[in-house]
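Take a look at the structure set out below.
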Amino acid sequence: MTLPTAPLRRARCAAVGVVNGTLAVLAHSSADGRLPDAGLVLSLVALLTWATAGFARHELTWRKLLLLIGGGQLAMHVLVSLAAFRHAHEAEPARMIASHVVATALTVVVLAVAERSVLALARAVTAALPRRLAVLPATAPLVVATPSLAPTAIVFLDALSWRGPPAEQV
């Protein structure tokens with residue numbers, strides 16, 4: 001299966017990482033009512049985006065997305081919970097699990113549809129663009145006619161220098 005060029009693949013994975021990280025933080029904060037520190041959120045979203053980049057060469061089916069998004073939700077929950085552990089972090093476990101499950105399900109559905117749409121559009125644009133011409137293999141040596149504009153002796157006399165090292169160094 002042909003995938004789009006590298007910049008589009010990286011953009012796809014960056015979108016998956018950013019959406020996953022953002023929804024994980026929103027799901028976590030909706031369960032306990034507090035947003036984590038902005039620096040922590042940005043660094044975790046960047047880490048999640050970087051981890052998603054390993055999937056850039058593959059088409060992200062709903063199964064891969066479920067694994068990727070579910071793992072990202074779990075990782076973000078654990079890291080945000082560990083960061084908030086030093087504060088009073090009283091959240092209902094059932095509400096926390098439900099919010100992460102809903103965020104995972106919504107993210108997988110939206111990104112699976114977006115993945116198919118983007119790849120279908122990229123294939124349609126690729127099919128509409130002209131193809132590269134194939135280079136034919138060489139069957140005989142290439143002969144190039146070169147005109148003789150100046151005699152060889154004059155060319156060599158102009159190119160060579162008659163200057164040598166000083167006489168006392170010889």
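We name chains A, B, ... following the order of the structure tokens; residues begin at 1 in each chain, and ligands are numbered from 1 as shown.
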Practice item. Name the residues in contact with range 92-107 of chain A at a cut-off of 7 Å, using only C-alpha atoms, excluding same-chain residues fewer than 4 positions from it; report them as a ChimeraX atom specification. Key: /A:20,23-24,27-28,31,69-70,73,111
Practice item. Mind checking which residues fall within 12 Å of Gly71 in chain A, counting only C-alpha atoms, ignoring those fewer than 3 positions away in the same chain, and posting them as a PyMOL selection string? Key: chain A and resi 17+20-21+24+48+51-52+64-68+74-78+100-101+104+108
Exercise for review: Apply DSSP to the backbone of this structure and, from range 34-102 of chain A, keep only the residues in alpha helix (DSSP H); write these as a ChimeraX atom specification.
Suggested key: /A:38-52,62-83,93-102
Dump of N, CA and C atoms for the selected residues, as a CSV table (one decimal), in the first residue's frame:
```
chain,number,residue,atom,x,y,z
A,38,ALA,N,1.0,23.5,32.7
A,38,ALA,CA,1.1,23.7,31.2
A,38,ALA,C,2.4,23.1,30.7
A,39,GLY,N,3.5,23.3,31.4
A,39,GLY,CA,4.8,22.8,30.9
A,39,GLY,C,4.8,21.3,30.9
A,40,LEU,N,4.2,20.7,31.9
A,40,LEU,CA,4.0,19.2,31.9
A,40,LEU,C,3.2,18.7,30.8
A,41,VAL,N,2.1,19.4,30.5
A,41,VAL,CA,1.2,19.0,29.4
A,41,VAL,C,1.9,19.1,28.1
A,42,LEU,N,2.5,20.2,27.8
A,42,LEU,CA,3.2,20.4,26.5
A,42,LEU,C,4.4,19.4,26.4
A,43,SER,N,5.1,19.1,27.4
A,43,SER,CA,6.2,18.1,27.3
A,43,SER,C,5.6,16.7,27.1
A,44,LEU,N,4.5,16.4,27.7
A,44,LEU,CA,4.0,15.1,27.6
A,44,LEU,C,3.3,14.9,26.2
A,45,VAL,N,2.7,16.0,25.7
A,45,VAL,CA,2.1,15.9,24.3
A,45,VAL,C,3.2,15.8,23.3
A,46,ALA,N,4.3,16.5,23.5
A,46,ALA,CA,5.5,16.4,22.6
A,46,ALA,C,6.1,15.0,22.6
A,47,LEU,N,6.2,14.4,23.8
A,47,LEU,CA,6.7,13.1,24.0
A,47,LEU,C,5.8,12.0,23.3
A,48,LEU,N,4.5,12.2,23.4
A,48,LEU,CA,3.5,11.3,22.8
A,48,LEU,C,3.5,11.5,21.3
A,49,THR,N,3.7,12.7,20.8
A,49,THR,CA,3.8,12.9,19.4
A,49,THR,C,5.1,12.3,18.8
A,50,TRP,N,6.2,12.4,19.5
A,50,TRP,CA,7.4,11.7,19.1
A,50,TRP,C,7.3,10.2,19.1
A,51,ALA,N,6.6,9.7,20.1
A,51,ALA,CA,6.4,8.2,20.1
A,51,ALA,C,5.5,7.8,19.0
A,52,THR,N,4.6,8.6,18.6
A,52,THR,CA,3.7,8.3,17.5
A,52,THR,C,4.4,8.3,16.1
A,62,TRP,N,-7.9,1.1,12.4
A,62,TRP,CA,-8.5,1.4,13.7
A,62,TRP,C,-7.9,0.5,14.8
A,63,ARG,N,-7.4,-0.6,14.4
A,63,ARG,CA,-6.8,-1.5,15.5
A,63,ARG,C,-5.5,-0.8,16.0
A,64,LYS,N,-4.7,-0.4,15.0
A,64,LYS,CA,-3.4,0.3,15.4
A,64,LYS,C,-3.7,1.6,16.2
A,65,LEU,N,-4.7,2.3,15.7
A,65,LEU,CA,-5.1,3.5,16.4
A,65,LEU,C,-5.6,3.2,17.8
A,66,LEU,N,-6.4,2.2,18.0
A,66,LEU,CA,-6.9,1.8,19.3
A,66,LEU,C,-5.7,1.5,20.2
A,67,LEU,N,-4.7,0.7,19.7
A,67,LEU,CA,-3.5,0.4,20.5
A,67,LEU,C,-2.8,1.7,20.8
A,68,LEU,N,-2.6,2.5,19.9
A,68,LEU,CA,-1.8,3.7,20.0
A,68,LEU,C,-2.5,4.7,20.9
A,69,ILE,N,-3.8,5.0,20.7
A,69,ILE,CA,-4.5,5.9,21.5
A,69,ILE,C,-4.7,5.4,22.9
A,70,GLY,N,-5.1,4.1,23.1
A,70,GLY,CA,-5.3,3.6,24.4
A,70,GLY,C,-4.0,3.6,25.2
A,71,GLY,N,-2.9,3.2,24.6
A,71,GLY,CA,-1.6,3.3,25.3
A,71,GLY,C,-1.2,4.7,25.6
A,72,GLY,N,-1.5,5.6,24.7
A,72,GLY,CA,-1.2,7.0,25.0
A,72,GLY,C,-2.1,7.6,26.2
A,73,GLN,N,-3.4,7.2,26.2
A,73,GLN,CA,-4.3,7.6,27.3
A,73,GLN,C,-3.8,7.1,28.6
A,74,LEU,N,-3.4,5.8,28.6
A,74,LEU,CA,-2.9,5.2,29.8
A,74,LEU,C,-1.6,5.9,30.3
A,75,ALA,N,-0.7,6.1,29.4
A,75,ALA,CA,0.6,6.7,29.7
A,75,ALA,C,0.4,8.1,30.2
A,76,MET,N,-0.5,8.9,29.6
A,76,MET,CA,-0.7,10.3,30.0
A,76,MET,C,-1.4,10.3,31.4
A,77,HIS,N,-2.3,9.4,31.6
A,77,HIS,CA,-3.0,9.3,32.9
A,77,HIS,C,-2.0,9.0,34.0
A,78,VAL,N,-1.1,8.0,33.8
A,78,VAL,CA,-0.2,7.7,34.8
A,78,VAL,C,0.8,8.8,35.1
A,79,LEU,N,1.3,9.5,34.0
A,79,LEU,CA,2.2,10.6,34.2
A,79,LEU,C,1.6,11.8,34.9
A,80,VAL,N,0.4,12.1,34.4
A,80,VAL,CA,-0.3,13.3,35.1
A,80,VAL,C,-0.7,13.0,36.5
A,81,SER,N,-1.1,11.7,36.8
A,81,SER,CA,-1.4,11.3,38.2
A,81,SER,C,-0.2,11.4,39.0
A,82,LEU,N,1.0,10.9,38.5
A,82,LEU,CA,2.2,11.0,39.3
A,82,LEU,C,2.6,12.4,39.5
A,83,ALA,N,2.4,13.3,38.6
A,83,ALA,CA,2.8,14.7,38.7
A,83,ALA,C,1.9,15.4,39.7
A,93,PRO,N,-12.4,7.0,40.8
A,93,PRO,CA,-11.8,6.1,39.8
A,93,PRO,C,-12.7,5.7,38.6
A,94,ALA,N,-14.0,5.5,38.9
A,94,ALA,CA,-14.9,5.2,37.8
A,94,ALA,C,-15.1,6.3,36.9
A,95,ARG,N,-15.2,7.5,37.4
A,95,ARG,CA,-15.3,8.7,36.5
A,95,ARG,C,-14.0,8.9,35.7
A,96,MET,N,-12.9,8.7,36.3
A,96,MET,CA,-11.6,8.8,35.6
A,96,MET,C,-11.5,7.8,34.4
A,97,ILE,N,-11.8,6.5,34.7
A,97,ILE,CA,-11.8,5.5,33.7
A,97,ILE,C,-12.8,5.8,32.6
A,98,ALA,N,-14.0,6.2,33.0
A,98,ALA,CA,-15.0,6.4,32.0
A,98,ALA,C,-14.6,7.6,31.1
A,99,SER,N,-14.0,8.6,31.6
A,99,SER,CA,-13.6,9.8,30.8
A,99,SER,C,-12.5,9.4,29.8
A,100,HIS,N,-11.5,8.6,30.3
A,100,HIS,CA,-10.5,8.1,29.4
A,100,HIS,C,-11.0,7.2,28.3
A,101,VAL,N,-11.9,6.3,28.7
A,101,VAL,CA,-12.5,5.4,27.7
A,101,VAL,C,-13.3,6.1,26.6
A,102,VAL,N,-14.0,7.1,27.0
A,102,VAL,CA,-14.8,7.9,26.1
A,102,VAL,C,-13.8,8.7,25.2
```
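CA of Val110 in chain A is positioned 10.2 Å from CA of Val16 in chain A.
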Revision key, fill the gap. note - CA of Val143 in chain A and CA of Arg131 in chain A are separated by 29.1 Å
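For the pair CA of Val113 in chain A and CA of Leu35 in chain A, the interatomic distance is 28.9 Å.
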